[in-house]
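A.B. asks: Pasting model23.csv below, which is CSV, C-alpha atoms and all ligand atoms.
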chain,number,residue,atom,x,y,z
S,859,MET,CA,9.8,-4.9,-30.9
S,860,GLY,CA,6.8,-3.7,-28.9
S,861,LYS,CA,6.0,-0.1,-28.1
S,862,THR,CA,8.6,2.0,-26.2
S,863,VAL,CA,7.8,5.0,-24.1
S,864,ASP,CA,10.0,8.1,-23.4
S,865,ILE,CA,10.2,8.1,-19.6
S,866,ASP,CA,13.3,9.0,-17.4
S,867,TRP,CA,12.7,5.9,-15.1
S,868,GLY,CA,15.3,6.9,-12.6
S,869,LYS,CA,13.6,10.3,-12.0
S,870,LEU,CA,10.1,9.0,-11.4
S,871,GLY,CA,8.4,10.0,-8.1
S,872,PHE,CA,5.0,8.8,-7.0
S,873,SER,CA,2.7,10.5,-9.4
S,874,TYR,CA,0.1,9.8,-12.1
S,875,ILE,CA,1.2,9.1,-15.6
S,876,LYS,CA,-1.6,8.0,-18.0
S,877,THR,CA,-0.9,4.6,-19.4
S,878,ASP,CA,-2.7,3.0,-22.4
S,879,TYR,CA,-5.2,0.6,-20.9
S,880,ARG,CA,-7.2,0.0,-17.8
S,881,TYR,CA,-9.6,-2.8,-16.8
S,882,ILE,CA,-13.2,-2.1,-16.0
S,883,SER,CA,-16.1,-4.3,-14.9
S,884,TYR,CA,-19.7,-3.2,-13.9
S,885,TRP,CA,-21.9,-4.8,-11.3
S,886,LYS,CA,-25.6,-4.6,-12.0
S,887,ASP,CA,-28.6,-6.7,-11.1
S,888,GLY,CA,-26.6,-8.7,-8.6
S,889,LYS,CA,-23.6,-9.7,-10.8
S,890,TRP,CA,-20.3,-8.6,-12.3
S,891,ASP,CA,-20.2,-8.4,-16.1
S,892,GLU,CA,-17.3,-10.1,-17.9
S,893,GLY,CA,-15.0,-7.0,-17.7
S,894,ARG,CA,-12.8,-5.6,-20.4
S,895,LEU,CA,-9.8,-3.4,-21.1
S,896,THR,CA,-10.4,0.2,-22.2
S,897,GLU,CA,-8.3,3.1,-23.4
S,898,ASP,CA,-10.8,5.6,-21.8
S,899,ASN,CA,-9.5,6.9,-18.4
S,900,ILE,CA,-12.6,9.0,-17.7
S,901,LEU,CA,-15.5,7.6,-15.7
S,902,HIS,CA,-19.0,8.9,-16.5
S,903,ILE,CA,-21.1,8.2,-13.4
S,904,SER,CA,-24.4,9.4,-11.8
S,905,GLU,CA,-24.3,12.5,-9.7
S,906,GLY,CA,-26.1,10.5,-7.1
S,907,SER,CA,-23.3,7.9,-6.8
S,908,THR,CA,-22.7,6.7,-3.2
S,909,ALA,CA,-18.9,7.0,-3.8
S,910,LEU,CA,-19.3,10.7,-4.3
S,911,HIS,CA,-21.4,11.5,-1.2
S,912,TYR,CA,-21.0,8.7,1.3
S,913,GLY,CA,-17.5,7.5,0.6
S,914,GLN,CA,-18.7,4.1,-0.6
S,915,GLN,CA,-15.4,3.2,-2.3
S,916,CYS,CA,-12.3,1.2,-1.6
S,917,PHE,CA,-9.0,0.6,-3.3
S,918,GLU,CA,-5.8,-1.4,-3.4
S,919,GLY,CA,-2.2,-0.9,-4.4
S,920,LEU,CA,0.3,-3.4,-5.7
S,921,LYS,CA,3.2,-3.4,-8.1
S,922,ALA,CA,4.6,-5.2,-11.2
S,923,TYR,CA,8.4,-5.7,-11.1
S,924,ARG,CA,10.8,-6.2,-14.1
S,925,THR,CA,13.4,-8.9,-13.3
S,926,LYS,CA,17.0,-9.0,-14.5
S,927,GLU,CA,16.0,-11.4,-17.3
S,928,GLY,CA,13.3,-8.9,-18.5
S,929,LYS,CA,10.4,-10.9,-17.1
S,930,ILE,CA,7.5,-9.2,-15.3
S,931,GLN,CA,6.1,-10.4,-12.0
S,932,LEU,CA,3.5,-9.4,-9.5
S,933,PHE,CA,4.0,-9.7,-5.7
S,934,ARG,CA,1.3,-11.5,-3.8
S,935,PRO,CA,-1.7,-10.1,-5.9
S,936,ASP,CA,-4.0,-12.6,-4.3
S,937,ARG,CA,-3.4,-10.9,-0.9
S,938,ASN,CA,-4.6,-7.6,-2.4
S,939,GLY,CA,-7.7,-9.4,-3.9
S,940,ILE,CA,-8.5,-10.9,-0.5
S,941,ARG,CA,-8.0,-7.6,1.4
S,942,MET,CA,-10.2,-5.8,-1.1
S,943,GLN,CA,-13.0,-8.3,-0.4
S,944,GLU,CA,-12.6,-7.5,3.3
S,945,SER,CA,-12.8,-3.8,2.6
S,946,CYS,CA,-15.9,-4.4,0.5
S,947,ARG,CA,-17.6,-6.4,3.3
S,948,ARG,CA,-17.0,-3.5,5.7
S,949,ILE,CA,-18.7,-0.9,3.6
S,950,MET,CA,-21.3,-3.2,2.0
S,951,MET,CA,-20.0,-3.5,-1.6
S,952,PRO,CA,-20.1,-6.7,-3.7
S,953,GLU,CA,-16.9,-8.7,-3.6
S,954,PHE,CA,-14.9,-9.1,-6.8
S,955,PRO,CA,-13.7,-12.7,-7.1
S,956,VAL,CA,-10.0,-13.1,-6.2
S,957,ASP,CA,-9.1,-15.2,-9.3
S,958,ARG,CA,-10.7,-12.5,-11.5
S,959,PHE,CA,-8.8,-9.8,-9.6
S,960,VAL,CA,-5.5,-11.5,-10.2
S,961,ASP,CA,-6.4,-12.1,-13.8
S,962,ALA,CA,-7.4,-8.5,-14.3
S,963,CYS,CA,-4.1,-7.3,-12.8
S,964,ILE,CA,-2.3,-9.5,-15.3
S,965,GLN,CA,-4.3,-8.2,-18.2
S,966,VAL,CA,-3.6,-4.6,-17.3
S,967,VAL,CA,0.1,-5.2,-16.9
S,968,LYS,CA,0.4,-7.0,-20.2
S,969,ALA,CA,-1.6,-4.3,-22.1
S,970,ASN,CA,0.8,-1.7,-20.6
S,971,GLU,CA,4.0,-3.7,-20.8
S,972,ALA,CA,5.9,-0.7,-22.3
S,973,TYR,CA,5.4,1.2,-19.0
S,974,VAL,CA,6.9,-1.5,-16.8
S,975,PRO,CA,10.2,0.2,-15.8
S,976,PRO,CA,13.5,-1.6,-16.6
S,977,TYR,CA,15.3,-3.7,-14.0
S,978,GLY,CA,17.8,-1.7,-12.0
S,979,THR,CA,16.1,1.7,-12.2
S,980,GLY,CA,14.3,1.1,-8.9
S,981,ALA,CA,11.0,2.0,-10.5
S,982,THR,CA,8.0,-0.2,-10.8
S,983,LEU,CA,4.6,-0.3,-12.3
S,984,TYR,CA,2.0,0.6,-9.6
S,985,LEU,CA,-1.4,-1.0,-10.0
S,986,ARG,CA,-4.4,0.8,-8.5
S,987,PRO,CA,-7.5,-1.4,-8.3
S,988,PHE,CA,-10.6,0.4,-6.9
S,989,MET,CA,-14.3,0.0,-6.5
S,990,ILE,CA,-17.0,2.7,-6.4
S,991,GLY,CA,-20.7,2.7,-5.6
S,992,VAL,CA,-22.5,4.3,-8.6
S,993,GLY,CA,-26.0,4.8,-9.9
S,994,ASP,CA,-28.9,7.2,-9.1
S,995,ASN,CA,-29.3,7.5,-5.3
S,996,ILE,CA,-29.8,10.0,-2.5
S,997,GLY,CA,-30.3,8.1,0.8
S,998,VAL,CA,-27.5,6.7,2.9
S,999,ARG,CA,-27.7,3.2,1.7
S,1000,PRO,CA,-25.5,0.8,-0.4
S,1001,ALA,CA,-25.5,1.6,-4.1
S,1002,SER,CA,-27.4,-0.4,-6.6
S,1003,GLU,CA,-24.5,-0.5,-9.1
S,1004,TYR,CA,-20.7,-0.7,-8.8
S,1005,ILE,CA,-17.7,-0.2,-10.9
S,1006,PHE,CA,-14.5,-2.2,-10.3
S,1007,SER,CA,-11.4,-0.9,-12.2
S,1008,ILE,CA,-7.7,-1.3,-12.3
S,1009,PHE,CA,-5.3,1.3,-13.8
S,1010,CYS,CA,-1.6,1.4,-13.6
S,1011,THR,CA,1.1,4.0,-13.6
S,1012,PRO,CA,4.9,3.8,-13.4
S,1013,VAL,CA,6.3,5.0,-10.1
S,1014,GLY,CA,9.5,5.7,-8.2
S,1015,PRO,CA,9.9,6.2,-4.5
S,1016,TYR,CA,6.9,7.4,-2.4
S,1017,PHE,CA,9.0,9.1,0.2
S,1018,LYS,CA,11.6,11.4,-1.2
S,1019,GLY,CA,15.0,9.7,-1.5
S,1020,GLY,CA,13.7,6.1,-1.2
S,1021,MET,CA,16.1,4.3,1.1
S,1022,LYS,CA,17.2,7.4,2.9
S,1023,PRO,CA,15.9,7.9,6.5
S,1024,VAL,CA,13.1,10.4,6.9
S,1025,ASN,CA,11.6,11.8,10.1
S,1026,PHE,CA,8.0,11.5,11.2
S,1027,MET,CA,5.9,13.4,13.8
S,1028,VAL,CA,3.2,12.0,16.0
S,1029,SER,CA,-0.1,13.6,15.0
S,1030,ASP,CA,-2.7,15.0,17.4
S,1031,TYR,CA,-5.3,13.7,15.0
S,1032,ASP,CA,-6.6,10.1,14.7
S,1033,ARG,CA,-6.5,8.3,11.5
S,1034,ALA,CA,-9.3,5.9,12.5
S,1035,ALA,CA,-11.8,5.3,15.3
S,1036,PRO,CA,-11.4,2.3,17.6
S,1037,PHE,CA,-14.2,0.3,15.9
S,1038,GLY,CA,-14.2,2.3,12.7
S,1039,THR,CA,-12.8,1.6,9.3
S,1040,GLY,CA,-9.1,1.7,10.0
S,1041,ALA,CA,-8.5,-1.8,8.9
S,1042,ALA,CA,-10.3,-1.3,5.6
S,1043,LYS,CA,-8.7,0.4,2.6
S,1044,VAL,CA,-11.4,3.0,2.1
S,1045,GLY,CA,-11.0,6.5,0.8
S,1046,GLY,CA,-12.5,8.2,3.9
S,1047,ASN,CA,-9.5,7.1,6.0
S,1048,TYR,CA,-7.2,8.9,3.5
S,1049,ALA,CA,-9.4,12.1,3.3
S,1050,GLY,CA,-9.1,12.4,7.0
S,1051,SER,CA,-5.3,12.1,6.8
S,1052,LEU,CA,-4.8,14.9,4.3
S,1053,LEU,CA,-4.8,17.7,6.9
S,1054,PRO,CA,-2.5,16.0,9.5
S,1055,HIS,CA,-0.2,15.1,6.6
S,1056,GLU,CA,-0.1,18.7,5.4
S,1057,ILE,CA,0.7,19.9,9.0
S,1058,ALA,CA,3.5,17.3,9.2
S,1059,VAL,CA,5.0,18.3,5.9
S,1060,LYS,CA,4.9,22.0,6.7
S,1061,LYS,CA,6.9,21.3,9.9
S,1062,GLY,CA,9.5,19.5,7.8
S,1063,PHE,CA,8.4,15.9,8.4
S,1064,ALA,CA,7.8,13.3,5.7
S,1065,ASP,CA,4.4,12.2,7.2
S,1066,CYS,CA,2.8,11.6,10.6
S,1067,ILE,CA,2.6,8.7,12.9
S,1068,TYR,CA,-0.9,8.0,14.3
S,1069,LEU,CA,-1.4,6.7,17.8
S,1070,ASP,CA,-4.1,4.3,18.8
S,1071,PRO,CA,-7.4,6.2,18.9
S,1072,ALA,CA,-8.6,4.8,22.2
S,1073,THR,CA,-5.7,5.6,24.5
S,1074,HIS,CA,-3.2,7.6,22.4
S,1075,THR,CA,-0.3,5.7,24.0
S,1076,LYS,CA,0.6,3.2,21.2
S,1077,ILE,CA,1.9,3.5,17.7
S,1078,GLU,CA,-0.6,2.5,15.1
S,1079,GLU,CA,0.9,3.3,11.7
S,1080,VAL,CA,2.0,6.0,9.3
S,1081,GLY,CA,-0.5,7.7,6.9
S,1082,ALA,CA,0.3,5.2,4.1
S,1083,ALA,CA,2.5,2.5,5.6
S,1084,ASN,CA,2.9,0.3,8.7
S,1085,PHE,CA,5.5,0.8,11.4
S,1086,PHE,CA,8.3,-1.7,12.4
S,1087,GLY,CA,11.1,-1.5,14.9
S,1088,ILE,CA,14.2,-3.6,15.5
S,1089,THR,CA,15.0,-4.1,19.2
S,1090,LYS,CA,18.4,-4.2,20.8
S,1091,ASP,CA,18.2,-8.0,20.9
S,1092,ASN,CA,17.4,-8.1,17.2
S,1093,LYS,CA,13.7,-8.7,17.3
S,1094,PHE,CA,11.4,-7.5,14.5
S,1095,VAL,CA,8.5,-5.8,16.2
S,1096,THR,CA,5.4,-4.4,14.6
S,1097,PRO,CA,2.2,-3.0,16.1
S,1098,GLU,CA,-0.9,-5.2,16.5
S,1099,SER,CA,-4.2,-3.3,16.3
S,1100,PRO,CA,-7.7,-3.7,14.9
S,1101,SER,CA,-7.6,-0.2,13.5
S,1102,ILE,CA,-4.5,-0.3,11.3
S,1103,LEU,CA,-4.4,-1.4,7.7
S,1104,PRO,CA,-3.1,-5.0,7.6
S,1105,SER,CA,-0.1,-4.3,5.4
S,1106,ILE,CA,0.8,-7.1,3.0
S,1107,THR,CA,4.4,-5.8,3.1
S,1108,LYS,CA,4.4,-6.0,6.9
S,1109,TYR,CA,3.1,-9.6,6.9
S,1110,SER,CA,5.7,-10.4,4.2
S,1111,LEU,CA,8.5,-8.8,6.3
S,1112,LEU,CA,7.4,-10.8,9.4
S,1113,GLU,CA,8.1,-13.9,7.3
S,1114,VAL,CA,11.3,-12.5,5.7
S,1115,ALA,CA,12.7,-11.5,9.1
S,1116,LYS,CA,12.0,-15.0,10.6
S,1117,ASP,CA,12.7,-17.3,7.7
S,1118,TYR,CA,15.4,-15.5,5.8
S,1119,LEU,CA,17.2,-13.5,8.5
S,1120,GLY,CA,16.6,-15.9,11.4
S,1121,MET,CA,15.1,-13.1,13.6
S,1122,GLU,CA,12.5,-13.4,16.3
S,1123,VAL,CA,9.4,-11.5,15.3
S,1124,GLU,CA,6.6,-10.0,17.4
S,1125,GLU,CA,3.2,-8.4,16.5
S,1126,ARG,CA,2.3,-6.5,19.7
S,1127,ASP,CA,1.7,-3.2,21.4
S,1128,VAL,CA,4.4,-0.6,20.7
S,1129,TYR,CA,4.3,2.2,23.3
S,1130,ILE,CA,5.2,5.7,22.1
S,1131,ASP,CA,7.0,6.4,25.4
S,1132,LYS,CA,9.1,3.3,25.0
S,1133,LEU,CA,10.8,4.1,21.7
S,1134,ASP,CA,14.3,3.5,23.1
S,1135,GLU,CA,13.6,-0.2,23.0
S,1136,PHE,CA,14.3,0.1,19.2
S,1137,VAL,CA,17.7,0.5,17.6
S,1138,GLU,CA,16.2,0.9,14.1
S,1139,ALA,CA,12.8,1.7,12.8
S,1140,GLY,CA,11.1,1.8,9.5
S,1141,ALA,CA,7.9,2.4,7.6
S,1142,CYS,CA,6.7,-0.4,5.2
S,1143,GLY,CA,4.2,-0.6,2.5
S,1144,THR,CA,3.7,-1.2,-1.3
S,1145,ALA,CA,4.4,2.4,-2.1
S,1146,ALA,CA,6.8,3.1,0.8
S,1147,VAL,CA,8.6,-0.2,0.2
S,1148,ILE,CA,10.8,0.1,3.3
S,1149,THR,CA,11.6,3.6,4.3
S,1150,PRO,CA,14.0,3.9,7.2
S,1151,ILE,CA,12.7,6.2,10.0
S,1152,GLY,CA,15.4,8.6,11.2
S,1153,GLY,CA,13.5,9.9,14.1
S,1154,ILE,CA,10.0,10.4,15.5
S,1155,GLU,CA,8.9,13.7,17.1
S,1156,TYR,CA,6.6,13.3,20.1
S,1157,LYS,CA,5.7,16.1,22.5
S,1158,GLY,CA,8.3,18.4,21.0
S,1159,LYS,CA,11.2,16.0,21.2
S,1160,LEU,CA,12.8,14.1,18.3
S,1161,HIS,CA,13.7,10.5,19.2
S,1162,VAL,CA,16.4,9.4,16.8
S,1163,PHE,CA,16.7,5.6,16.2
S,1164,TYR,CA,19.7,4.5,14.2
S,1165,SER,CA,20.7,7.8,12.5
S,1166,GLU,CA,19.0,10.6,10.6
S,1167,THR,CA,21.2,10.1,7.6
S,1168,GLU,CA,22.3,6.4,7.6
S,1169,VAL,CA,20.3,3.3,7.1
S,1170,GLY,CA,20.7,0.7,9.9
S,1171,PRO,CA,22.1,-2.7,9.0
S,1172,ILE,CA,19.0,-4.8,9.7
S,1173,THR,CA,16.7,-2.4,7.9
S,1174,LYS,CA,19.1,-2.6,4.9
S,1175,LYS,CA,19.1,-6.5,5.0
S,1176,LEU,CA,15.3,-6.5,5.2
S,1177,TYR,CA,15.1,-4.1,2.3
S,1178,ASP,CA,17.6,-6.1,0.2
S,1179,THR,CA,15.8,-9.4,0.8
S,1180,LEU,CA,12.3,-8.1,0.3
S,1181,THR,CA,13.2,-6.2,-2.9
S,1182,GLY,CA,15.3,-9.2,-4.0
S,1183,ILE,CA,12.3,-11.4,-3.8
S,1184,GLN,CA,10.1,-8.8,-5.6
S,1185,PHE,CA,12.5,-8.2,-8.4
S,1186,GLY,CA,13.3,-11.9,-8.8
S,1187,ASP,CA,16.9,-11.9,-7.5
S,1188,VAL,CA,16.1,-13.9,-4.3
S,1189,GLU,CA,14.0,-17.1,-4.3
S,1190,ALA,CA,10.5,-16.3,-3.1
S,1191,PRO,CA,8.4,-18.3,-0.7
S,1192,GLU,CA,5.9,-20.6,-2.4
S,1193,GLY,CA,3.0,-18.6,-4.0
S,1194,TRP,CA,4.4,-15.1,-3.5
S,1195,ILE,CA,5.3,-14.4,-7.1
S,1196,VAL,CA,2.9,-14.4,-10.1
S,1197,GLU,CA,4.6,-14.2,-13.5
S,1198,VAL,CA,2.9,-12.0,-16.1
S,1199,LYS,CA,3.2,-13.9,-19.4
S,1201,LIG,N1,-1.1,1.4,5.9
S,1201,LIG,C1,-1.8,2.3,5.2
S,1201,LIG,C2,-2.7,3.3,5.8
S,1201,LIG,C3,-1.7,2.2,3.8
S,1201,LIG,O1,-2.4,3.0,3.0
S,1201,LIG,C4,-0.8,1.2,3.2
S,1201,LIG,C5,-0.7,1.0,1.8
S,1201,LIG,O2,-1.3,0.2,1.2
S,1201,LIG,C6,-0.1,0.4,4.1
S,1201,LIG,C7,-0.3,0.5,5.4
S,1201,LIG,C8,0.8,-0.7,3.6
S,1201,LIG,O3,0.1,-1.8,3.1
S,1201,LIG,P1,0.7,-2.7,1.9
S,1201,LIG,O4,2.0,-3.2,2.5
S,1201,LIG,O5,-0.3,-3.8,1.8
S,1201,LIG,O6,0.8,-1.9,0.8
S,1202,LIG,C1,0.1,1.7,-1.2
S,1202,LIG,O1,1.2,1.5,-0.6
S,1202,LIG,O2,-0.2,1.0,-2.1
S,1202,LIG,C2,-0.8,2.7,-0.8
S,1202,LIG,O3,-1.9,2.6,-1.0
S,1202,LIG,C3,-0.2,3.9,-0.1
S,1202,LIG,C4,-0.8,5.2,-0.6
S,1202,LIG,C5,-0.4,5.6,-2.0
S,1202,LIG,C6,-2.2,5.4,-0.3
If you took the structure in this file and wrote it as structure tokens, what would it be?

C.D. replies:
Amino acid sequence: MGKTVDIDWGKLGFSYIKTDYRYISYWKDGKWDEGRLTEDNILHISEGSTALHYGQQCFEGLKAYRTKEGKIQLFRPDRNGIRMQESCRRIMMPEFPVDRFVDACIQVVKANEAYVPPYGTGATLYLRPFMIGVGDNIGVRPASEYIFSIFCTPVGPYFKGGMKPVNFMVSDYDRAAPFGTGAAKVGGNYAGSLLPHEIAVKKGFADCIYLDPATHTKIEEVGAANFFGITKDNKFVTPESPSILPSITKYSLLEVAKDYLGMEVEERDVYIDKLDEFVEAGACGTAAVITPIGGIEYKGKLHVFYSETEVGPITKKLYDTLTGIQFGDVEAPEGWIVEVK
């Protein structure tokens, strides 16, 4: 028997629990070192690090799932590795190779196996890869050294209640600029979302919906998830925009809706004054999984989709199929699942 940990898996929210090991690799003199696991969760970096002053950092989020048979699997980790490289290019950081990214995820999960929640609890092991610019520096320029690391922490639902509908409000703030960093998973986007999020929560909403920064007429996304809607004629629709984060969950749902549920799918403009084209709506992401949207408040009026208390039937089917694939109960498309052995 391996190590066991005393955690009430069913009661987990989305918060940090220190696990035993994390992966760390240093970039210096133009290359990454071989990387290693460490028990130390404290980073010791130069006060001049670009990550601290100029936001030169990016991150990822993915999960390890325990199957009914007790196996552990990752969901599309290569997509996170690729997206991290895209983020790195946008803010001039060295790319970490995708095969090494996936291998490091596997190492971290294996080393913390005791923290992978049991099947059926709804909880998962969340992996947080990140990269920071470090080293002595003062000018606005790319760092001379970098740290890539992955830690993990067991998590439950990101939005309270999990598969219960929540309401969002349209924010007056923008999350990203039209040609800014919205499509990159960089910390600055999230720092800017803290105040709008706080305002939304104080008004009783789960989070805000951001509109497109150029015209403020189209839905972009939620603070930490993409948006989707189901039309009256059963189409899965999700916004297309260069300033939203290309959600791996969203792209997976586009395939699930089409290939598993036989729906038509569309990535296109979603106008905030045309919400009545949707009979159901949801937020999707690694942390959010699928969170049904009860209603969206815009200009002082709450537009309710399916219901503020009940999950719509299509949203439920999408959720069951996606999580079925992630937890190993439904056969996955080729290449989506990486077993941790
Ligand atoms: N949008 C934002 C702003 C996010 O932070 C996330 C989370 O990663 C998502 C969307 C969902 O992306 P994914 O499905 O790849 O987790
Ligand atoms: C994720 O879904 O992985 C996220 O990154 C969302 C949030 C915790 C930033």

A.B. asks: Using Å and a single decimal, report how far atom C8 of ligand LIG 1201 (chain S) sits from CA of Asp1127 (chain S).

C.D. replies: 18.0 Å

A.B. asks: Could you work out how far CA of Gly1170 (chain S) lies from CA of His1074 (chain S), giving the answer in Å with one decimal?

C.D. replies: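 Distance reported for this atom pair: 27.8 Å.
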
A.B. asks: What do you get as number ranges by chain if you pick all residues at most 9 Å from ligand LIG 1201 (chain S), counting all atoms listed in the file?

C.D. replies: S: 917-920, 937-938, 941, 1033, 1040-1043, 1047-1048, 1079-1085, 1102-1110, 1141-1147

A.B. asks: Can you spit out the residues from that selection as a PDB file, in the coordinates of the input, using C-alpha atoms?

C.D. replies:
ATOM      1  CA  PHE S 917      -9.000   0.600  -3.300  1.00  0.00           C
ATOM      2  CA  GLU S 918      -5.800  -1.400  -3.400  1.00  0.00           C
ATOM      3  CA  GLY S 919      -2.200  -0.900  -4.400  1.00  0.00           C
ATOM      4  CA  LEU S 920       0.300  -3.400  -5.700  1.00  0.00           C
ATOM      5  CA  ARG S 937      -3.400 -10.900  -0.900  1.00  0.00           C
ATOM      6  CA  ASN S 938      -4.600  -7.600  -2.400  1.00  0.00           C
ATOM      7  CA  ARG S 941      -8.000  -7.600   1.400  1.00  0.00           C
ATOM      8  CA  ARG S1033      -6.500   8.300  11.500  1.00  0.00           C
ATOM      9  CA  GLY S1040      -9.100   1.700  10.000  1.00  0.00           C
ATOM     10  CA  ALA S1041      -8.500  -1.800   8.900  1.00  0.00           C
ATOM     11  CA  ALA S1042     -10.300  -1.300   5.600  1.00  0.00           C
ATOM     12  CA  LYS S1043      -8.700   0.400   2.600  1.00  0.00           C
ATOM     13  CA  ASN S1047      -9.500   7.100   6.000  1.00  0.00           C
ATOM     14  CA  TYR S1048      -7.200   8.900   3.500  1.00  0.00           C
ATOM     15  CA  GLU S1079       0.900   3.300  11.700  1.00  0.00           C
ATOM     16  CA  VAL S1080       2.000   6.000   9.300  1.00  0.00           C
ATOM     17  CA  GLY S1081      -0.500   7.700   6.900  1.00  0.00           C
ATOM     18  CA  ALA S1082       0.300   5.200   4.100  1.00  0.00           C
ATOM     19  CA  ALA S1083       2.500   2.500   5.600  1.00  0.00           C
ATOM     20  CA  ASN S1084       2.900   0.300   8.700  1.00  0.00           C
ATOM     21  CA  PHE S1085       5.500   0.800  11.400  1.00  0.00           C
ATOM     22  CA  ILE S1102      -4.500  -0.300  11.300  1.00  0.00           C
ATOM     23  CA  LEU S1103      -4.400  -1.400   7.700  1.00  0.00           C
ATOM     24  CA  PRO S1104      -3.100  -5.000   7.600  1.00  0.00           C
ATOM     25  CA  SER S1105      -0.100  -4.300   5.400  1.00  0.00           C
ATOM     26  CA  ILE S1106       0.800  -7.100   3.000  1.00  0.00           C
ATOM     27  CA  THR S1107       4.400  -5.800   3.100  1.00  0.00           C
ATOM     28  CA  LYS S1108       4.400  -6.000   6.900  1.00  0.00           C
ATOM     29  CA  TYR S1109       3.100  -9.600   6.900  1.00  0.00           C
ATOM     30  CA  SER S1110       5.700 -10.400   4.200  1.00  0.00           C
ATOM     31  CA  ALA S1141       7.900   2.400   7.600  1.00  0.00           C
ATOM     32  CA  CYS S1142       6.700  -0.400   5.200  1.00  0.00           C
ATOM     33  CA  GLY S1143       4.200  -0.600   2.500  1.00  0.00           C
ATOM     34  CA  THR S1144       3.700  -1.200  -1.300  1.00  0.00           C
ATOM     35  CA  ALA S1145       4.400   2.400  -2.100  1.00  0.00           C
ATOM     36  CA  ALA S1146       6.800   3.100   0.800  1.00  0.00           C
ATOM     37  CA  VAL S1147       8.600  -0.200   0.200  1.00  0.00           C
TER      38      VAL S1147
END

A.B. asks: At a cut-off of 6 Å, using all atoms listed in the file, what residues contact region 972-979 of chain S? Leave out same-chain residues fewer than 4 positions from it and give the result as a ChimeraX atom specification.

C.D. replies: /S:861-862,868,924-926,983

A.B. asks: Quick one: residues within 12 Å of Tyr912 (chain S), only C-alpha atoms, excluding same-chain residues fewer than 3 positions away - as a VMD selection string?

C.D. replies: chain S and resid 906 to 909 915 to 916 949 to 950 990 to 992 995 to 1001 1044 to 1046

A.B. asks: Residues within 7 Å of Gln943 (chain S), please, as a VMD selection string. Count all atoms listed in the file; anything in the same chain fewer than 4 positions from it doesn't count.

C.D. replies: chain S and resid 939 947 953 to 954

A.B. asks: Using CA of Lys1093 (chain S) and CA of Glu1135 (chain S) as the two end points, give the distance in Å to one decimal.

C.D. replies: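 These two atoms are separated by 10.2 Å.
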
A.B. asks: Restricting the calculation to only C-alpha atoms: of S:Val966, S:Met989, S:Leu1069, S:Ala1115, which residue gets closest to Cys1010 (chain S)?

C.D. replies: S:Val966

A.B. asks: Kindly provide, as lines of an AutoDock Vina configuration file, the centre and edge lengths (Å, one decimal) of an axis-aligned box around all atoms of ligand LIG 1202 (chain S) given in the file, with 4 Å on each side.

C.D. replies:
center_x = -0.5
center_y = 3.3
center_z = -1.1
size_x = 11.4
size_y = 12.6
size_z = 10.0

A.B. asks: Contacts of Lys921 (chain S) at 10 Å or less, counting all atoms listed in the file, minus same-chain residues fewer than 4 places along, as a PDB file with C-alpha atoms, in the coordinates of the input?

C.D. replies:
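Resulting contents of selection.pdb:
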ATOM      1  CA  GLN S 931       6.100 -10.400 -12.000  1.00  0.00           C
ATOM      2  CA  LEU S 932       3.500  -9.400  -9.500  1.00  0.00           C
ATOM      3  CA  PHE S 933       4.000  -9.700  -5.700  1.00  0.00           C
ATOM      4  CA  ARG S 934       1.300 -11.500  -3.800  1.00  0.00           C
ATOM      5  CA  PRO S 935      -1.700 -10.100  -5.900  1.00  0.00           C
ATOM      6  CA  CYS S 963      -4.100  -7.300 -12.800  1.00  0.00           C
ATOM      7  CA  VAL S 967       0.100  -5.200 -16.900  1.00  0.00           C
ATOM      8  CA  VAL S 974       6.900  -1.500 -16.800  1.00  0.00           C
ATOM      9  CA  ALA S 981      11.000   2.000 -10.500  1.00  0.00           C
ATOM     10  CA  THR S 982       8.000  -0.200 -10.800  1.00  0.00           C
ATOM     11  CA  LEU S 983       4.600  -0.300 -12.300  1.00  0.00           C
ATOM     12  CA  TYR S 984       2.000   0.600  -9.600  1.00  0.00           C
ATOM     13  CA  LEU S 985      -1.400  -1.000 -10.000  1.00  0.00           C
ATOM     14  CA  ARG S 986      -4.400   0.800  -8.500  1.00  0.00           C
ATOM     15  CA  CYS S1010      -1.600   1.400 -13.600  1.00  0.00           C
ATOM     16  CA  THR S1011       1.100   4.000 -13.600  1.00  0.00           C
ATOM     17  CA  PRO S1012       4.900   3.800 -13.400  1.00  0.00           C
ATOM     18  CA  VAL S1013       6.300   5.000 -10.100  1.00  0.00           C
ATOM     19  CA  THR S1144       3.700  -1.200  -1.300  1.00  0.00           C
ATOM     20  CA  ALA S1145       4.400   2.400  -2.100  1.00  0.00           C
ATOM     21  CA  GLN S1184      10.100  -8.800  -5.600  1.00  0.00           C
TER      22      GLN S1184
END

A.B. asks: Neighbours of Ala1034 (chain S) within 9 Å (all atoms listed in the file; same-chain residues fewer than 2 positions away dropped), as number ranges by chain?

C.D. replies: S: 1032, 1036-1041, 1047, 1050, 1068, 1070-1071, 1101-1102

A.B. asks: Restricting the calculation to all atoms listed in the file, which member of S:Gly1014, S:Gly928, S:Pro1023, S:Gly993 is positioned closest to ligand LIG 1202 (chain S)?

C.D. replies: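 Among the listed residues, the smallest separation from ligand LIG 1202 (chain S) belongs to S:Gly1014.
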
A.B. asks: Return the single residue from S:Asp866, S:Glu1124, S:Glu1138, S:Asp1065 that is closest to ligand LIG 1202 (chain S), with distances computed using all atoms listed in the file.

C.D. replies: S:Asp1065

A.B. asks: Of the residues S:Ile1088, S:Val1198, S:Leu910, S:Met1021, which is the one nearest to Phe1136 (chain S), using all atoms listed in the file?

C.D. replies: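 The closest residue to Phe1136 (chain S) is S:Ile1088.
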